[in-house]
Every structure is written in structure tokens, then in C-alpha cells.
Amino acid sequence: MQDHVGIAGVGTYLPKRYMTAKELASLTGIDEAVIVDKFGVKGKYVPDEGDTTSHMGIMAAREAIKSAGIDPSEIDVVIWNGAQHKDYPCWLACTKVAHEINATRAWAFDMEAMCGSMIVGLQVARSIMLSEKNVNTVLLVSGYRNVDLVNHRYKPTSFMFDIGASGAALVLKKNYGANVVLGVSSIVDGSFAEDCIVPVGGTKKWPIKPEDLNEYYFHLTDPESFKEKLNKVTLNNFYFVIDDALRKSGLSRKDISYLAILHFKRSAHLEVLTQLGLREDQSFYLEDYGHMGQNDQVFSLQEGLRLGRIKDGDVVVFVGAGVGWTWNAAVVRWGKIREPISW
């Protein structure tokens, strides 16, 4: 049988603090009904005291390790694929995670593809595992609290008002015999590179001045141009990476059983399902969570399993996108392997 990589464990973490749609409406000045119906947010989790980015990832990692039934010493590589907004600037979260979970044998690194990082992480981890003879177990771990960088009174970035906080982790094992990662696809459009940025705190505007703290949140450099440009390409790019990942897996849209897609506005979610020929119960809308960056797909997977929407043999498609701009998709055949693997 061809070497393969499977998902052996899944873990998530949520802060205790929960912001309701009513609270979000008060904070943003947007009607609560619009928050729920259009933005698709009944509430979202926000960081509590102690919920650093690494802490949320560590908590999720411990759950994933328990789910996989392994000892942390079995982990060969820890890949931090959480947010750049970490406990400290210019800092490796991966070594902190490896130490705290007692992954004593692991080497580690941080990687980032914004909210596409979990999917890109699957590709990177699989590539390492299939090319390195001695790498058999990899931990993908993410903490996300970019909500700190969202100004809820700054209307141009209202598409970010759904952002919350969480941790997510996956344990991957070589030749696991189940939950096999098949095709992965990513594309980028660098024309968006400086359209949505935090304009202070980086080398483009250094040193930091006291007044810069008032601007330390995501801005759009040209709001009208940005929205028009993104609307023209984003759904088509979603469909491209989905179809490409399926093609690499020897599959097509008709084979999709479940779509683990990022949280975005309700109308876009429903449009994607319709375009792919899927029912609403073939996905999970994260309206009680909001958008948690690269963690969305893991939470959707967990909910799909909990609700019985994902069964053995099902084709699960992960879909994400990240500011900058990147679109990403991955295909996983859930359940035990029933036939030889090829892609």
C-alpha cells in the first residue's frame, strides 16, 4: 500500500468568555438582527484572562494528543500554524508548545498562511512525513486571537466583526490507515498584499510612536476598491481550489460528503453549498462560534462528527481563505481505508 498520512487526533479549545450578538451589536452600532441574519453570528468566543495565543493552542494540542491515544514523546515534529499575533513579537510559539506538552523528541517550527494555515499545514506536514523516513507523527497546533486587532467601530473592516478566539490541533500519523489526507490546493493573489493591514508596529513604520497605539488594528487602505476587487474573484477562487484539490484526489464535486468551510456571511455560505450541489446538513455553519481563523475547519470537522454528518468513507473537503490573499482546500477521506490509495 502506498504511504499515506492520516488524521489520528482532533482537539479544540474555547475561552470561557462569550460575546453575544446583542453585545456585538452594541459594540459595533449595527442592528442585532443584521449581526445574526447577515453577518451570521449569534455569538463568538473572545479571549479571557490567561488566554494567550500559545495557551489556547496548548490546550487544544493536549486534547488532540488524548484523542489520538498517543504519548507526547511519540511526536516527531510540532508545527505551529496559528496566528502571527502571538504572546510576544518575533517569537516562536512552537517551542513553547513542545515544552508544555512534553514533546521531548520533537523538532519544531512556526508557519503562517493567515486563515489558510491549517490547510497549508496539512500539506506541509504531509510532505515532510512522506519525504522523511523517521518522521511518523506530527502535531499541527494553532491558537488564534486576531480579534485583538479588530476595531469594532471601524466600519470598513466590518467583514472582520465575526472574528473570535480559539485553539485547534490535529495529530497526523504516517500510514495510520484512516482519515487520509488526499489532495491539497492553494492559490494566492498578491495584488491584495497591502490592502488589509495593521499599519503600525512593523518595519514599514518603525520605531513605534506613542500615538501609533491608537492605530494598532486592521485597516483597509482603499475600502471601495478592495471590496469591489475581492467580490470579483473570491468565490471563483474558492471553487478553483476545491475542484483542484478534488482533482488531485481523483474525485469530483459529486463525491463531496461534507464541507468544512470557514465562517463567513450567511449568504456566501449558502451560495457555496448551492454551487457545489450540497445540502445545508452537509456542512456546519459556525454561527455560534464566529470566525476563528485557521481553526474553523477543525471545529466544523468536530461538529460534523458529533452530529453524525460525517461517516466512514465520506469525502470531507476543508476550505479556507486568508487576508493577503490566499484560498485553500484539502480533501480527506474519513474512516478506515477500504481500497488502495492513489492520487
# chains A, B, ... in the order shown; residues from 1 in each chain; ligands from 1
>>> residues_around(residues="stretch 228-239 of chain A", least_positions_apart="6", cutoff="12 Å", atoms="only C-alpha atoms", output="PyMOL selection string")
chain A and resi 116+159+185-192+195-196+222+245-247+252-253+261-262+264+267-276+317-330
>>> select_by_dssp(residues="stretch 89-193 of chain A", states="strand (DSSP E or B)", output="ChimeraX atom specification")
/A:107-110,113,115,137-144,163,166-174,178-188
>>> closest_atom_pairs(of="stretch 246-309 of chain A", to="stretch 50-61 of chain A", cutoff="12 Å", atoms="only C-alpha atoms", output="CSV")
residue,atom,partner,partner_atom,distance
A:Met292,CA,A:Met56,CA,11.9
A:Gln294,CA,A:Gly57,CA,11.8
A:Asn295,CA,A:Gly57,CA,10.0
A:Val298,CA,A:Ala60,CA,10.6
A:Phe299,CA,A:Ala60,CA,11.0
>>> closest_residue(among="A:Glu63, A:Asp162, A:Glu224, A:Asp87", to="A:Gly290", atoms="only C-alpha atoms")
A:Asp162
>>> closest_residue(among="A:Leu220, A:Ile70, A:Leu24, A:Val78", to="A:Lys155", atoms="only C-alpha atoms")
A:Leu220
>>> atom_distance(atom1="atom CA of A:Ala178", atom2="atom CA of A:Tyr289")
28.2 Å
>>> atom_distance(atom1="atom CA of A:His219", atom2="atom CA of A:Pro156")
7.5 Å
>>> residues_around(residues="A:Lys22", least_positions_apart="4", cutoff="12 Å", atoms="only C-alpha atoms", output="list of chain:residue names")
A:Tyr18, A:Ser26, A:Leu27, A:Thr28, A:Gly29, A:Ile30, A:Asp31, A:Glu32, A:Ala33, A:Val34, A:Ile35, A:Val36, A:Val41, A:Lys42, A:Gly43, A:Lys44
>>> write_last_selection(atoms="N, CA and C atoms", output="tab-separated table (two decimals), in the first residue's frame")
chain	number	residue	atom	x	y	z
A	18	TYR	N	-17.81	34.71	26.41
A	18	TYR	CA	-18.64	34.62	25.20
A	18	TYR	C	-19.32	35.96	24.96
A	26	SER	N	-24.14	46.13	20.14
A	26	SER	CA	-23.88	47.33	20.95
A	26	SER	C	-22.48	47.88	20.68
A	27	LEU	N	-21.54	46.96	20.52
A	27	LEU	CA	-20.14	47.36	20.31
A	27	LEU	C	-19.93	47.99	18.93
A	28	THR	N	-20.64	47.47	17.92
A	28	THR	CA	-20.43	47.92	16.55
A	28	THR	C	-21.40	49.00	16.09
A	29	GLY	N	-22.53	49.12	16.79
A	29	GLY	CA	-23.55	50.06	16.35
A	29	GLY	C	-24.39	49.51	15.21
A	30	ILE	N	-24.30	48.20	14.97
A	30	ILE	CA	-25.07	47.53	13.91
A	30	ILE	C	-26.23	46.80	14.56
A	31	ASP	N	-27.39	46.84	13.94
A	31	ASP	CA	-28.59	46.21	14.49
A	31	ASP	C	-28.35	44.72	14.75
A	32	GLU	N	-28.85	44.23	15.87
A	32	GLU	CA	-28.65	42.83	16.26
A	32	GLU	C	-29.17	41.86	15.20
A	33	ALA	N	-30.30	42.18	14.59
A	33	ALA	CA	-30.86	41.30	13.56
A	33	ALA	C	-29.92	41.18	12.37
A	34	VAL	N	-29.24	42.26	12.03
A	34	VAL	CA	-28.27	42.24	10.93
A	34	VAL	C	-27.06	41.39	11.30
A	35	ILE	N	-26.62	41.52	12.55
A	35	ILE	CA	-25.50	40.70	13.04
A	35	ILE	C	-25.83	39.21	12.91
A	36	VAL	N	-27.04	38.84	13.29
A	36	VAL	CA	-27.43	37.42	13.27
A	36	VAL	C	-27.73	36.94	11.86
A	41	VAL	N	-23.79	35.65	12.87
A	41	VAL	CA	-23.14	35.47	14.18
A	41	VAL	C	-24.18	35.58	15.29
A	42	LYS	N	-24.43	34.48	15.96
A	42	LYS	CA	-25.27	34.51	17.16
A	42	LYS	C	-24.44	34.85	18.39
A	43	GLY	N	-23.15	34.63	18.28
A	43	GLY	CA	-22.22	34.93	19.35
A	43	GLY	C	-20.84	34.44	18.96
A	44	LYS	N	-19.82	34.87	19.70
A	44	LYS	CA	-18.45	34.43	19.42
A	44	LYS	C	-17.65	34.41	20.71
>>> atom_distance(atom1="atom CA of A:Ile119", atom2="atom CA of A:Trp80")
12.5 Å
>>> residues_around(residues="A:Asn179", least_positions_apart="3", cutoff="7 Å", atoms="only C-alpha atoms", output="list in words")
Gly6, Ile7, Val332, Arg333, Trp334, Gly335 and Lys336 of chain A
>>> residues_around(residues="A:Val141", least_positions_apart="3", cutoff="12 Å", atoms="only C-alpha atoms", output="ChimeraX atom specification")
/A:9-13,53-65,77-83,93-98,101,108-112,117-119,121-122,125,138,144,166-172,294-295,298
